[in-house]
There are 2 protein chains.
Amino acid sequence: MVVSDAPRRAGTPKSSARSKSEQRAETTQHILDAAEALFSRHGLHGVTLGQVAKAIGVHTSLVHYYFSDKRALFDAVIERRAPVTASKRIQAMDAYEASVGEAVTLEGALHAFLDTDLDAYRTGGEAWRNFGALAAQVANTPEWGAEIMNRLMDPVVMRLIALLKKAMPEMSDEDIFWGYHFVSGALLTTLARTGRIDVLSGGLCRSEDFASIKRRMATFMAGGFRAICEQERNGTAPA
Amino acid sequence: MVVSDAPRRAGTPKSSARSKSEQRAETTQHILDAAEALFSRHGLHGVTLGQVAKAIGVHTSLVHYYFSDKRALFDAVIERRAPVTASKRIQAMDAYEASVGEAVTLEGALHAFLDTDLDAYRTGGEAWRNFGALAAQVANTPEWGAEIMNRLMDPVVMRLIALLKKAMPEMSDEDIFWGYHFVSGALLTTLARTGRIDVLSGGLCRSEDFASIKRRMATFMAGGFRAICEQERNGTAPA
DNA sequence: ATTATCTATAGATCTATAGATAATGC
DNA sequence: ATTATCTATAGATCTATAGATAATGC
C-alpha cells in the first residue's frame, strides 16, 4: 500500500508553470486517485470528503468544486476505469473469436475474458489494483454503485456468454449462466486481494500473485463447466 | 426483502408478563436482527444506531444500553451466527470422512463443505440470508469485521483443505489453496444474492435459488480441481 | 431494589455553500 | 477576466452519556 493517507500536496507547485486546464486535470486525477484508494478500503460510507482532501493536501471544499457531492465523486471513480477495462476485454474476446473462427474453446474464451482483466490489474499499478478491490466490494454491496458498474460490465459478460455457448453448444443456458456466476465470484475475490489466502496457506499463496492465478483460473473454470455439462448429460445430479 | 425499515415495536407488549431476562433476551435478538439486516445492505459505516433502533421501535440509547458501541454491535452480529455454521460444517465434514474412510473424493468433500452452508442459508429464513450477505461483504472488505469472521472460519477451511488433500494426494498444496480461493469466491458471491445473475440471464437463473446452485457447485469445483491438477501433471500451463 | 426503557443533551463530525484570495488567461 | 483554491460557517447528523421514568423482582 503505497498511496498513504499522508498529505501529498496537490497544489504545492504553485510556482510551476501549469496552465489552468493542466491544473484542473491534475487535481481532478489526484482527487480521484485518493478517493479510489480510500473507497476501496472503507466503502462509500466509510470515507469522508475531508479524508479525501487531506490525503492530497487540499481543502475539503475543493472536492466540492470539482465534484458536486460524494456520490458524484464515487460514480466518477467508477466511470474513470470501468469503461477502459470493459472495452479492452471485449476487444480481446473479439480478437480471440476472429483468430479461431468456429473453433472456440472454453479455455480460449475464458482466457480472453479473464487474462485481459487480470493483466490490467497486474500491470496497471496501484491505482488499478485499488479500483479492482473497489469493484469487488461494489459487486457484493448492491446498495451503492452496482448500477453503474453493472451497466458498464454487462456487454463484457454477454460477450463471454456468447463465446461459451459457441464453445459448448450442447450446454443449457442455465448451466452456462450458473457457471458464469461461479467464474465471476472467483474473479471478484481475486480482485479484492484481502490477503486471506496468504494466511490460510501459511504464505504459500499470495493474494497479490495474479500471475499464479492467471496460470490456473481459466483452466479451473473450464474444468468446472465441463463437469456440470457432463453431470447434466448423465443426469447424475444428486438431490 | 421482508424485514422492512418500518418500525416493528419491540417494547410494545409492556402489559404482557415477560420476565426481565426474557425481555432482555428478546430485545437483544431484535436489535441483532435489525442490525444484521441493515449492515448486510449498507455496510458497517452505512448504518446508524438510530436506524437500527428505529427499525424495531426503540430509542437509540437502548442500543447503547445493550451494546457498548456500534463496533461491538457489529461484532455481536457476526459472533451470533458464524460459530453456528462453522461447527455444523466441521461436523458435516467429520461425518463424511467417518463414513467413507480412506475413499474421500473431491465431490464428497466439497458437498460436505458447501451444501451444509448453502442449506443453512436456504432453510434458515431471512435472518440467515441476511447474515450470508453480510459475510460476503465482510470477506471483500477487510477493514471491518474480517478478523472475527476469519478467526471463526479458519478451522472450517482447514478441515476442507485436509479432505481435499486426502482426495487428491498427488496435488500440490499451492494448487489446492488456489482451488479453495476460487471455491470461496464463488460461495461468497452466492451468499451475496445481489440479483445480478437474474438480470444477466433474463430471469432464467435467480440469486435466491440456492437449490440450483447446490446441484451444480460441488461438481463444478471438483471439475476445476481436476483440471488444474491435470494441467500441472502435463506441464501444459500457458505463459 | 433492580433493571429496561426513554428524555435531553453535549460534543464531535460531516456535507455543502457563500464569499474571499490568489493564481492564470488574454 | 476567469478560475483554482482557501476561509468561515450554517445546518444536519451521529455517537455517547447522564439522568428520569416505568416496569419487574423479592
# chains A, B, ... in the order shown; residues from 1 in each chain; ligands from 1

call {"tool": "interface_residues", "arguments": {"of": "chain A", "to": "chain C", "cutoff": "12 Å", "atoms": "only C-alpha atoms (C1' of nucleotides)", "output": "PyMOL selection string"}}
result
chain A and resi 11+13-24+45-51+60-65+67-71

call {"tool": "write_last_selection", "arguments": {"atoms": "N, CA and C atoms", "output": "PDB file, in the first residue's frame"}}
result
ATOM      1  N   GLY A  11      -1.532  21.085  -4.609  1.00  0.00           N
ATOM      2  CA  GLY A  11      -1.409  22.478  -5.036  1.00  0.00           C
ATOM      3  C   GLY A  11      -0.014  23.039  -4.809  1.00  0.00           C
ATOM      4  N   PRO A  13       3.099  22.925  -6.229  1.00  0.00           N
ATOM      5  CA  PRO A  13       3.919  23.654  -7.205  1.00  0.00           C
ATOM      6  C   PRO A  13       3.173  24.858  -7.752  1.00  0.00           C
ATOM      7  N   LYS A  14       2.913  25.808  -6.886  1.00  0.00           N
ATOM      8  CA  LYS A  14       2.168  26.973  -7.323  1.00  0.00           C
ATOM      9  C   LYS A  14       3.053  27.866  -8.198  1.00  0.00           C
ATOM     10  N   SER A  15       4.359  27.624  -8.074  1.00  0.00           N
ATOM     11  CA  SER A  15       5.288  28.411  -8.874  1.00  0.00           C
ATOM     12  C   SER A  15       5.455  27.812 -10.267  1.00  0.00           C
ATOM     13  N   SER A  16       5.239  26.485 -10.373  1.00  0.00           N
ATOM     14  CA  SER A  16       5.435  25.840 -11.670  1.00  0.00           C
ATOM     15  C   SER A  16       4.452  26.410 -12.690  1.00  0.00           C
ATOM     16  N   ALA A  17       4.860  26.333 -13.931  1.00  0.00           N
ATOM     17  CA  ALA A  17       4.047  26.935 -14.987  1.00  0.00           C
ATOM     18  C   ALA A  17       3.016  25.944 -15.501  1.00  0.00           C
ATOM     19  N   ARG A  18       1.984  25.686 -14.653  1.00  0.00           N
ATOM     20  CA  ARG A  18       0.928  24.800 -15.113  1.00  0.00           C
ATOM     21  C   ARG A  18      -0.214  25.641 -15.649  1.00  0.00           C
ATOM     22  N   SER A  19      -0.688  25.294 -16.793  1.00  0.00           N
ATOM     23  CA  SER A  19      -1.856  26.008 -17.298  1.00  0.00           C
ATOM     24  C   SER A  19      -3.060  25.632 -16.445  1.00  0.00           C
ATOM     25  N   LYS A  20      -4.094  26.428 -16.527  1.00  0.00           N
ATOM     26  CA  LYS A  20      -5.275  26.137 -15.715  1.00  0.00           C
ATOM     27  C   LYS A  20      -5.886  24.791 -16.076  1.00  0.00           C
ATOM     28  N   SER A  21      -5.912  24.489 -17.361  1.00  0.00           N
ATOM     29  CA  SER A  21      -6.520  23.208 -17.733  1.00  0.00           C
ATOM     30  C   SER A  21      -5.670  22.049 -17.234  1.00  0.00           C
ATOM     31  N   GLU A  22      -4.345  22.233 -17.241  1.00  0.00           N
ATOM     32  CA  GLU A  22      -3.477  21.196 -16.671  1.00  0.00           C
ATOM     33  C   GLU A  22      -3.742  21.049 -15.181  1.00  0.00           C
ATOM     34  N   GLN A  23      -3.826  22.191 -14.531  1.00  0.00           N
ATOM     35  CA  GLN A  23      -4.067  22.188 -13.098  1.00  0.00           C
ATOM     36  C   GLN A  23      -5.367  21.454 -12.777  1.00  0.00           C
ATOM     37  N   ARG A  24      -6.390  21.821 -13.531  1.00  0.00           N
ATOM     38  CA  ARG A  24      -7.699  21.191 -13.347  1.00  0.00           C
ATOM     39  C   ARG A  24      -7.611  19.681 -13.545  1.00  0.00           C
ATOM     40  N   HIS A  45     -19.529   4.743   2.435  1.00  0.00           N
ATOM     41  CA  HIS A  45     -19.897   5.445   3.668  1.00  0.00           C
ATOM     42  C   HIS A  45     -18.757   5.529   4.672  1.00  0.00           C
ATOM     43  N   GLY A  46     -17.688   4.796   4.419  1.00  0.00           N
ATOM     44  CA  GLY A  46     -16.581   4.788   5.372  1.00  0.00           C
ATOM     45  C   GLY A  46     -15.546   5.859   5.096  1.00  0.00           C
ATOM     46  N   VAL A  47     -15.807   6.683   4.099  1.00  0.00           N
ATOM     47  CA  VAL A  47     -14.855   7.716   3.694  1.00  0.00           C
ATOM     48  C   VAL A  47     -15.534   9.081   3.756  1.00  0.00           C
ATOM     49  N   THR A  48     -14.835  10.073   4.306  1.00  0.00           N
ATOM     50  CA  THR A  48     -15.383  11.429   4.285  1.00  0.00           C
ATOM     51  C   THR A  48     -14.623  12.246   3.244  1.00  0.00           C
ATOM     52  N   LEU A  49     -15.288  13.265   2.758  1.00  0.00           N
ATOM     53  CA  LEU A  49     -14.637  14.119   1.768  1.00  0.00           C
ATOM     54  C   LEU A  49     -13.424  14.801   2.383  1.00  0.00           C
ATOM     55  N   GLY A  50     -13.485  15.020   3.675  1.00  0.00           N
ATOM     56  CA  GLY A  50     -12.340  15.580   4.369  1.00  0.00           C
ATOM     57  C   GLY A  50     -11.122  14.666   4.277  1.00  0.00           C
ATOM     58  N   GLN A  51     -11.332  13.370   4.406  1.00  0.00           N
ATOM     59  CA  GLN A  51     -10.219  12.428   4.293  1.00  0.00           C
ATOM     60  C   GLN A  51      -9.627  12.434   2.894  1.00  0.00           C
ATOM     61  N   THR A  60     -11.258  20.532   1.824  1.00  0.00           N
ATOM     62  CA  THR A  60     -12.475  19.780   1.514  1.00  0.00           C
ATOM     63  C   THR A  60     -13.328  20.467   0.451  1.00  0.00           C
ATOM     64  N   SER A  61     -13.415  21.762   0.558  1.00  0.00           N
ATOM     65  CA  SER A  61     -14.317  22.454  -0.360  1.00  0.00           C
ATOM     66  C   SER A  61     -13.857  22.343  -1.813  1.00  0.00           C
ATOM     67  N   LEU A  62     -12.593  22.060  -2.003  1.00  0.00           N
ATOM     68  CA  LEU A  62     -12.112  21.895  -3.376  1.00  0.00           C
ATOM     69  C   LEU A  62     -12.689  20.623  -4.009  1.00  0.00           C
ATOM     70  N   VAL A  63     -12.917  19.629  -3.179  1.00  0.00           N
ATOM     71  CA  VAL A  63     -13.533  18.401  -3.685  1.00  0.00           C
ATOM     72  C   VAL A  63     -14.937  18.736  -4.202  1.00  0.00           C
ATOM     73  N   HIS A  64     -15.623  19.592  -3.478  1.00  0.00           N
ATOM     74  CA  HIS A  64     -16.954  20.009  -3.926  1.00  0.00           C
ATOM     75  C   HIS A  64     -16.889  20.868  -5.175  1.00  0.00           C
ATOM     76  N   TYR A  65     -15.787  21.565  -5.319  1.00  0.00           N
ATOM     77  CA  TYR A  65     -15.634  22.406  -6.509  1.00  0.00           C
ATOM     78  C   TYR A  65     -15.565  21.526  -7.767  1.00  0.00           C
ATOM     79  N   PHE A  67     -16.403  18.031  -7.796  1.00  0.00           N
ATOM     80  CA  PHE A  67     -17.467  17.016  -7.828  1.00  0.00           C
ATOM     81  C   PHE A  67     -18.614  17.501  -6.959  1.00  0.00           C
ATOM     82  N   SER A  68     -19.797  17.494  -7.527  1.00  0.00           N
ATOM     83  CA  SER A  68     -20.904  18.144  -6.821  1.00  0.00           C
ATOM     84  C   SER A  68     -21.133  17.570  -5.428  1.00  0.00           C
ATOM     85  N   ASP A  69     -21.066  16.277  -5.285  1.00  0.00           N
ATOM     86  CA  ASP A  69     -21.194  15.694  -3.950  1.00  0.00           C
ATOM     87  C   ASP A  69     -20.473  14.351  -3.893  1.00  0.00           C
ATOM     88  N   LYS A  70     -20.561  13.728  -2.751  1.00  0.00           N
ATOM     89  CA  LYS A  70     -19.811  12.499  -2.512  1.00  0.00           C
ATOM     90  C   LYS A  70     -20.189  11.408  -3.499  1.00  0.00           C
ATOM     91  N   ARG A  71     -21.468  11.290  -3.742  1.00  0.00           N
ATOM     92  CA  ARG A  71     -21.932  10.246  -4.631  1.00  0.00           C
ATOM     93  C   ARG A  71     -21.407  10.461  -6.056  1.00  0.00           C
TER      94      ARG A  71
END

call {"tool": "residues_around", "arguments": {"residues": "B:Ala112", "least_positions_apart": "2", "cutoff": "9 Å", "atoms": "only C-alpha atoms (C1' of nucleotides)", "output": "ChimeraX atom specification"}}
result
/B:89-90,92-96,107-110,114-117,160

call {"tool": "residues_around", "arguments": {"residues": "A:Gln29", "least_positions_apart": "6", "cutoff": "12 Å", "atoms": "only C-alpha atoms (C1' of nucleotides)", "output": "list in words"}}
result
Ala10, Glu22, Gln23, Ala35, Glu36, Ile56, Val63, Tyr66, Phe67, Leu73, Ala76, Val77, Arg80, Arg81 and Ala127 of chain A

call {"tool": "write_last_selection", "arguments": {"atoms": "N, CA and C atoms", "output": "PDB file, in the first residue's frame"}}
result
ATOM      1  N   ALA A  10      -1.135  18.689  -3.539  1.00  0.00           N
ATOM      2  CA  ALA A  10      -1.503  18.768  -4.949  1.00  0.00           C
ATOM      3  C   ALA A  10      -1.259  20.181  -5.452  1.00  0.00           C
ATOM      4  N   GLU A  22      -4.345  22.233 -17.241  1.00  0.00           N
ATOM      5  CA  GLU A  22      -3.477  21.196 -16.671  1.00  0.00           C
ATOM      6  C   GLU A  22      -3.742  21.049 -15.181  1.00  0.00           C
ATOM      7  N   GLN A  23      -3.826  22.191 -14.531  1.00  0.00           N
ATOM      8  CA  GLN A  23      -4.067  22.188 -13.098  1.00  0.00           C
ATOM      9  C   GLN A  23      -5.367  21.454 -12.777  1.00  0.00           C
ATOM     10  N   ALA A  35      -9.597   9.187  -3.682  1.00  0.00           N
ATOM     11  CA  ALA A  35     -10.931   8.650  -3.404  1.00  0.00           C
ATOM     12  C   ALA A  35     -10.976   7.150  -3.701  1.00  0.00           C
ATOM     13  N   GLU A  36     -10.390   6.775  -4.802  1.00  0.00           N
ATOM     14  CA  GLU A  36     -10.364   5.360  -5.202  1.00  0.00           C
ATOM     15  C   GLU A  36      -9.688   4.521  -4.125  1.00  0.00           C
ATOM     16  N   ILE A  56      -4.570  14.415  -0.205  1.00  0.00           N
ATOM     17  CA  ILE A  56      -3.793  15.073  -1.256  1.00  0.00           C
ATOM     18  C   ILE A  56      -3.475  16.517  -0.885  1.00  0.00           C
ATOM     19  N   VAL A  63     -12.917  19.629  -3.179  1.00  0.00           N
ATOM     20  CA  VAL A  63     -13.533  18.401  -3.685  1.00  0.00           C
ATOM     21  C   VAL A  63     -14.937  18.736  -4.202  1.00  0.00           C
ATOM     22  N   TYR A  66     -14.916  20.381  -7.635  1.00  0.00           N
ATOM     23  CA  TYR A  66     -14.775  19.504  -8.803  1.00  0.00           C
ATOM     24  C   TYR A  66     -15.890  18.467  -8.925  1.00  0.00           C
ATOM     25  N   PHE A  67     -16.403  18.031  -7.796  1.00  0.00           N
ATOM     26  CA  PHE A  67     -17.467  17.016  -7.828  1.00  0.00           C
ATOM     27  C   PHE A  67     -18.614  17.501  -6.959  1.00  0.00           C
ATOM     28  N   LEU A  73     -18.648  11.918  -6.794  1.00  0.00           N
ATOM     29  CA  LEU A  73     -17.234  11.536  -6.758  1.00  0.00           C
ATOM     30  C   LEU A  73     -17.085  10.028  -6.879  1.00  0.00           C
ATOM     31  N   ALA A  76     -17.763   8.919 -10.297  1.00  0.00           N
ATOM     32  CA  ALA A  76     -16.675   9.306 -11.206  1.00  0.00           C
ATOM     33  C   ALA A  76     -15.501   8.347 -11.093  1.00  0.00           C
ATOM     34  N   VAL A  77     -15.259   7.862  -9.878  1.00  0.00           N
ATOM     35  CA  VAL A  77     -14.182   6.887  -9.682  1.00  0.00           C
ATOM     36  C   VAL A  77     -14.453   5.649 -10.537  1.00  0.00           C
ATOM     37  N   ARG A  80     -14.261   6.301 -14.395  1.00  0.00           N
ATOM     38  CA  ARG A  80     -12.931   6.547 -14.947  1.00  0.00           C
ATOM     39  C   ARG A  80     -12.296   5.279 -15.495  1.00  0.00           C
ATOM     40  N   ARG A  81     -12.467   4.152 -14.793  1.00  0.00           N
ATOM     41  CA  ARG A  81     -11.739   2.948 -15.215  1.00  0.00           C
ATOM     42  C   ARG A  81     -12.597   1.844 -15.821  1.00  0.00           C
ATOM     43  N   ALA A 127      -3.063   2.159  -8.592  1.00  0.00           N
ATOM     44  CA  ALA A 127      -4.375   2.757  -8.813  1.00  0.00           C
ATOM     45  C   ALA A 127      -5.352   1.716  -9.373  1.00  0.00           C
TER      46      ALA A 127
END

call {"tool": "interface_residues", "arguments": {"of": "chain A", "to": "chain B", "cutoff": "6 Å", "atoms": "only C-alpha atoms", "output": "mmCIF file with C-alpha atoms, in the first residue's frame"}}
result
data_model
loop_
_atom_site.group_PDB
_atom_site.id
_atom_site.type_symbol
_atom_site.label_atom_id
_atom_site.label_comp_id
_atom_site.auth_asym_id
_atom_site.auth_seq_id
_atom_site.Cartn_x
_atom_site.Cartn_y
_atom_site.Cartn_z
ATOM 1 C CA HIS A 45 -19.897 5.445 3.668
ATOM 2 C CA GLY A 46 -16.581 4.788 5.372
ATOM 3 C CA GLN A 137 -16.745 -4.541 -2.908
ATOM 4 C CA ASN A 140 -21.253 -7.648 -3.278
ATOM 5 C CA PHE A 182 -19.005 -19.058 -10.221
ATOM 6 C CA GLY A 185 -17.314 -14.748 -7.824
ATOM 7 C CA ALA A 186 -13.834 -16.208 -8.083
ATOM 8 C CA THR A 189 -12.495 -12.369 -4.731
ATOM 9 C CA ALA A 192 -10.332 -7.942 -3.598
ATOM 10 C CA PHE A 220 -10.052 -24.434 -13.420
ATOM 11 C CA MET A 221 -13.218 -22.780 -14.672
ATOM 12 C CA GLY A 223 -12.960 -27.888 -15.997
ATOM 13 C CA GLY A 224 -15.914 -26.718 -13.951
ATOM 14 C CA ALA A 227 -18.094 -31.144 -15.178
ATOM 15 C CA ILE A 228 -21.591 -29.674 -14.875
#

call {"tool": "select_by_dssp", "arguments": {"residues": "chain B", "states": "helix (DSSP H, G or I)", "output": "PyMOL selection string"}}
result
chain B and resi 20-42+44-46+49-55+60-66+70-100+106-123+125-139+146-167+173-192+196-200+210-234

call {"tool": "residues_around", "arguments": {"residues": "A:Ala82", "least_positions_apart": "2", "cutoff": "8 Å", "atoms": "only C-alpha atoms (C1' of nucleotides)", "output": "PDB file with N, CA, C and O atoms, in the first residue's frame"}}
result
ATOM      1  N   ILE A  78     -15.683   5.211 -10.542  1.00  0.00           N
ATOM      2  CA  ILE A  78     -16.031   4.022 -11.320  1.00  0.00           C
ATOM      3  C   ILE A  78     -16.006   4.318 -12.818  1.00  0.00           C
ATOM      4  O   ILE A  78     -15.464   3.547 -13.606  1.00  0.00           O
ATOM      5  N   GLU A  79     -16.568   5.458 -13.177  1.00  0.00           N
ATOM      6  CA  GLU A  79     -16.638   5.815 -14.602  1.00  0.00           C
ATOM      7  C   GLU A  79     -15.251   6.014 -15.221  1.00  0.00           C
ATOM      8  O   GLU A  79     -15.079   5.947 -16.427  1.00  0.00           O
ATOM      9  N   ARG A  80     -14.261   6.301 -14.395  1.00  0.00           N
ATOM     10  CA  ARG A  80     -12.931   6.547 -14.947  1.00  0.00           C
ATOM     11  C   ARG A  80     -12.296   5.279 -15.495  1.00  0.00           C
ATOM     12  O   ARG A  80     -11.652   5.304 -16.535  1.00  0.00           O
ATOM     13  N   VAL A  84     -12.665   1.502 -19.523  1.00  0.00           N
ATOM     14  CA  VAL A  84     -11.367   1.137 -20.094  1.00  0.00           C
ATOM     15  C   VAL A  84     -11.195  -0.376 -20.108  1.00  0.00           C
ATOM     16  O   VAL A  84     -10.902  -0.987 -21.148  1.00  0.00           O
ATOM     17  N   THR A  85     -11.394  -0.989 -18.934  1.00  0.00           N
ATOM     18  CA  THR A  85     -11.223  -2.442 -18.887  1.00  0.00           C
ATOM     19  C   THR A  85     -12.323  -3.141 -19.679  1.00  0.00           C
ATOM     20  O   THR A  85     -12.084  -4.158 -20.332  1.00  0.00           O
ATOM     21  N   ALA A  86     -13.522  -2.569 -19.680  1.00  0.00           N
ATOM     22  CA  ALA A  86     -14.615  -3.192 -20.439  1.00  0.00           C
ATOM     23  C   ALA A  86     -14.279  -3.275 -21.925  1.00  0.00           C
ATOM     24  O   ALA A  86     -14.431  -4.340 -22.542  1.00  0.00           O
ATOM     25  N   MET A 149     -21.623   0.183 -12.341  1.00  0.00           N
ATOM     26  CA  MET A 149     -20.652  -0.876 -12.633  1.00  0.00           C
ATOM     27  C   MET A 149     -21.287  -1.961 -13.510  1.00  0.00           C
ATOM     28  O   MET A 149     -20.697  -2.378 -14.498  1.00  0.00           O
ATOM     29  N   LEU A 152     -21.931  -0.890 -17.117  1.00  0.00           N
ATOM     30  CA  LEU A 152     -20.716  -0.845 -17.916  1.00  0.00           C
ATOM     31  C   LEU A 152     -20.170  -2.241 -18.204  1.00  0.00           C
ATOM     32  O   LEU A 152     -19.502  -2.458 -19.220  1.00  0.00           O
ATOM     33  N   MET A 153     -20.438  -3.177 -17.312  1.00  0.00           N
ATOM     34  CA  MET A 153     -19.862  -4.511 -17.467  1.00  0.00           C
ATOM     35  C   MET A 153     -20.770  -5.503 -18.201  1.00  0.00           C
ATOM     36  O   MET A 153     -20.291  -6.514 -18.717  1.00  0.00           O
TER      37      MET A 153
END

call {"tool": "atom_distance", "arguments": {"atom1": "atom CA of B:Met168", "atom2": "atom CA of B:Val104"}}
result
8.7 Å

call {"tool": "decode", "arguments": {"residues": "stretch 9-20 of chain D", "atoms": "N, CA, C and O atoms (P, O5', C5', C4', C3', O3' and C1' of nucleotides)", "output": "PDB file, in the first residue's frame"}}
result
ATOM      1  P    DT D   9     -16.649  32.471  11.002  1.00  0.00           P
ATOM      2  O5'  DT D   9     -17.946  31.683  10.534  1.00  0.00           O
ATOM      3  C5'  DT D   9     -18.551  32.030   9.291  1.00  0.00           C
ATOM      4  C4'  DT D   9     -19.685  31.064   9.000  1.00  0.00           C
ATOM      5  C3'  DT D   9     -20.322  30.444  10.246  1.00  0.00           C
ATOM      6  O3'  DT D   9     -21.714  30.374  10.066  1.00  0.00           O
ATOM      7  C1'  DT D   9     -19.715  28.758   8.760  1.00  0.00           C
ATOM      8  P    DA D  10     -22.700  30.429  11.305  1.00  0.00           P
ATOM      9  O5'  DA D  10     -24.084  30.079  10.614  1.00  0.00           O
ATOM     10  C5'  DA D  10     -24.289  30.398   9.222  1.00  0.00           C
ATOM     11  C4'  DA D  10     -25.129  29.305   8.585  1.00  0.00           C
ATOM     12  C3'  DA D  10     -26.158  28.702   9.528  1.00  0.00           C
ATOM     13  O3'  DA D  10     -27.339  28.432   8.786  1.00  0.00           O
ATOM     14  C1'  DA D  10     -24.692  27.011   8.791  1.00  0.00           C
ATOM     15  P    DG D  11     -28.686  28.059   9.511  1.00  0.00           P
ATOM     16  O5'  DG D  11     -28.792  26.500   9.228  1.00  0.00           O
ATOM     17  C5'  DG D  11     -28.514  26.020   7.911  1.00  0.00           C
ATOM     18  C4'  DG D  11     -28.510  24.518   7.941  1.00  0.00           C
ATOM     19  C3'  DG D  11     -29.457  23.928   8.996  1.00  0.00           C
ATOM     20  O3'  DG D  11     -30.204  22.891   8.384  1.00  0.00           O
ATOM     21  C1'  DG D  11     -27.270  23.061   9.294  1.00  0.00           C
ATOM     22  P    DA D  12     -31.278  22.039   9.161  1.00  0.00           P
ATOM     23  O5'  DA D  12     -30.712  20.570   8.919  1.00  0.00           O
ATOM     24  C5'  DA D  12     -29.893  20.299   7.780  1.00  0.00           C
ATOM     25  C4'  DA D  12     -29.117  19.029   8.015  1.00  0.00           C
ATOM     26  C3'  DA D  12     -29.858  18.020   8.890  1.00  0.00           C
ATOM     27  O3'  DA D  12     -29.806  16.738   8.308  1.00  0.00           O
ATOM     28  C1'  DA D  12     -27.698  18.429   9.747  1.00  0.00           C
ATOM     29  P    DT D  13     -30.701  15.561   8.883  1.00  0.00           P
ATOM     30  O5'  DT D  13     -30.279  15.579  10.396  1.00  0.00           O
ATOM     31  C5'  DT D  13     -29.791  14.456  11.082  1.00  0.00           C
ATOM     32  C4'  DT D  13     -28.499  13.880  10.490  1.00  0.00           C
ATOM     33  C3'  DT D  13     -28.126  12.626  11.241  1.00  0.00           C
ATOM     34  O3'  DT D  13     -27.592  11.639  10.399  1.00  0.00           O
ATOM     35  C1'  DT D  13     -26.495  14.329  11.625  1.00  0.00           C
ATOM     36  P    DC D  14     -27.756  10.135  10.914  1.00  0.00           P
ATOM     37  O5'  DC D  14     -26.270   9.604  11.106  1.00  0.00           O
ATOM     38  C5'  DC D  14     -25.243  10.512  11.405  1.00  0.00           C
ATOM     39  C4'  DC D  14     -24.413  10.071  12.585  1.00  0.00           C
ATOM     40  C3'  DC D  14     -24.995   8.949  13.457  1.00  0.00           C
ATOM     41  O3'  DC D  14     -23.994   7.976  13.657  1.00  0.00           O
ATOM     42  C1'  DC D  14     -24.469  10.857  14.785  1.00  0.00           C
ATOM     43  P    DT D  15     -24.221   6.738  14.682  1.00  0.00           P
ATOM     44  O5'  DT D  15     -23.362   7.174  15.951  1.00  0.00           O
ATOM     45  C5'  DT D  15     -21.961   7.317  15.831  1.00  0.00           C
ATOM     46  C4'  DT D  15     -21.383   7.735  17.156  1.00  0.00           C
ATOM     47  C3'  DT D  15     -21.588   6.726  18.288  1.00  0.00           C
ATOM     48  O3'  DT D  15     -20.337   6.520  18.912  1.00  0.00           O
ATOM     49  C1'  DT D  15     -22.365   8.870  18.941  1.00  0.00           C
ATOM     50  P    DA D  16     -20.172   5.288  19.949  1.00  0.00           P
ATOM     51  O5'  DA D  16     -20.370   6.041  21.334  1.00  0.00           O
ATOM     52  C5'  DA D  16     -19.793   7.332  21.481  1.00  0.00           C
ATOM     53  C4'  DA D  16     -20.296   7.969  22.751  1.00  0.00           C
ATOM     54  C3'  DA D  16     -20.633   6.979  23.862  1.00  0.00           C
ATOM     55  O3'  DA D  16     -19.909   7.347  25.020  1.00  0.00           O
ATOM     56  C1'  DA D  16     -22.405   8.510  23.553  1.00  0.00           C
ATOM     57  P    DT D  17     -19.959   6.470  26.367  1.00  0.00           P
ATOM     58  O5'  DT D  17     -20.681   7.443  27.398  1.00  0.00           O
ATOM     59  C5'  DT D  17     -20.306   8.809  27.401  1.00  0.00           C
ATOM     60  C4'  DT D  17     -21.314   9.631  28.178  1.00  0.00           C
ATOM     61  C3'  DT D  17     -21.790   8.984  29.482  1.00  0.00           C
ATOM     62  O3'  DT D  17     -21.657   9.927  30.532  1.00  0.00           O
ATOM     63  C1'  DT D  17     -23.631   9.729  28.227  1.00  0.00           C
ATOM     64  P    DA D  18     -21.731   9.465  32.073  1.00  0.00           P
ATOM     65  O5'  DA D  18     -22.733  10.538  32.679  1.00  0.00           O
ATOM     66  C5'  DA D  18     -22.883  11.811  32.054  1.00  0.00           C
ATOM     67  C4'  DA D  18     -24.177  12.436  32.542  1.00  0.00           C
ATOM     68  C3'  DA D  18     -24.637  11.917  33.905  1.00  0.00           C
ATOM     69  O3'  DA D  18     -25.224  12.986  34.646  1.00  0.00           O
ATOM     70  C1'  DA D  18     -26.278  11.435  32.305  1.00  0.00           C
ATOM     71  P    DG D  19     -25.688  12.767  36.161  1.00  0.00           P
ATOM     72  O5'  DG D  19     -27.278  12.752  36.036  1.00  0.00           O
ATOM     73  C5'  DG D  19     -27.916  13.745  35.228  1.00  0.00           C
ATOM     74  C4'  DG D  19     -29.354  13.344  34.982  1.00  0.00           C
ATOM     75  C3'  DG D  19     -30.082  12.776  36.222  1.00  0.00           C
ATOM     76  O3'  DG D  19     -31.387  13.310  36.256  1.00  0.00           O
ATOM     77  C1'  DG D  19     -30.296  11.304  34.444  1.00  0.00           C
ATOM     78  P    DA D  20     -32.377  13.002  37.521  1.00  0.00           P
ATOM     79  O5'  DA D  20     -33.736  12.585  36.804  1.00  0.00           O
ATOM     80  C5'  DA D  20     -34.311  13.479  35.835  1.00  0.00           C
ATOM     81  C4'  DA D  20     -35.379  12.737  35.067  1.00  0.00           C
ATOM     82  C3'  DA D  20     -36.499  12.145  35.937  1.00  0.00           C
ATOM     83  O3'  DA D  20     -37.760  12.406  35.324  1.00  0.00           O
ATOM     84  C1'  DA D  20     -35.512  10.442  34.641  1.00  0.00           C
TER      85       DA D  20
END
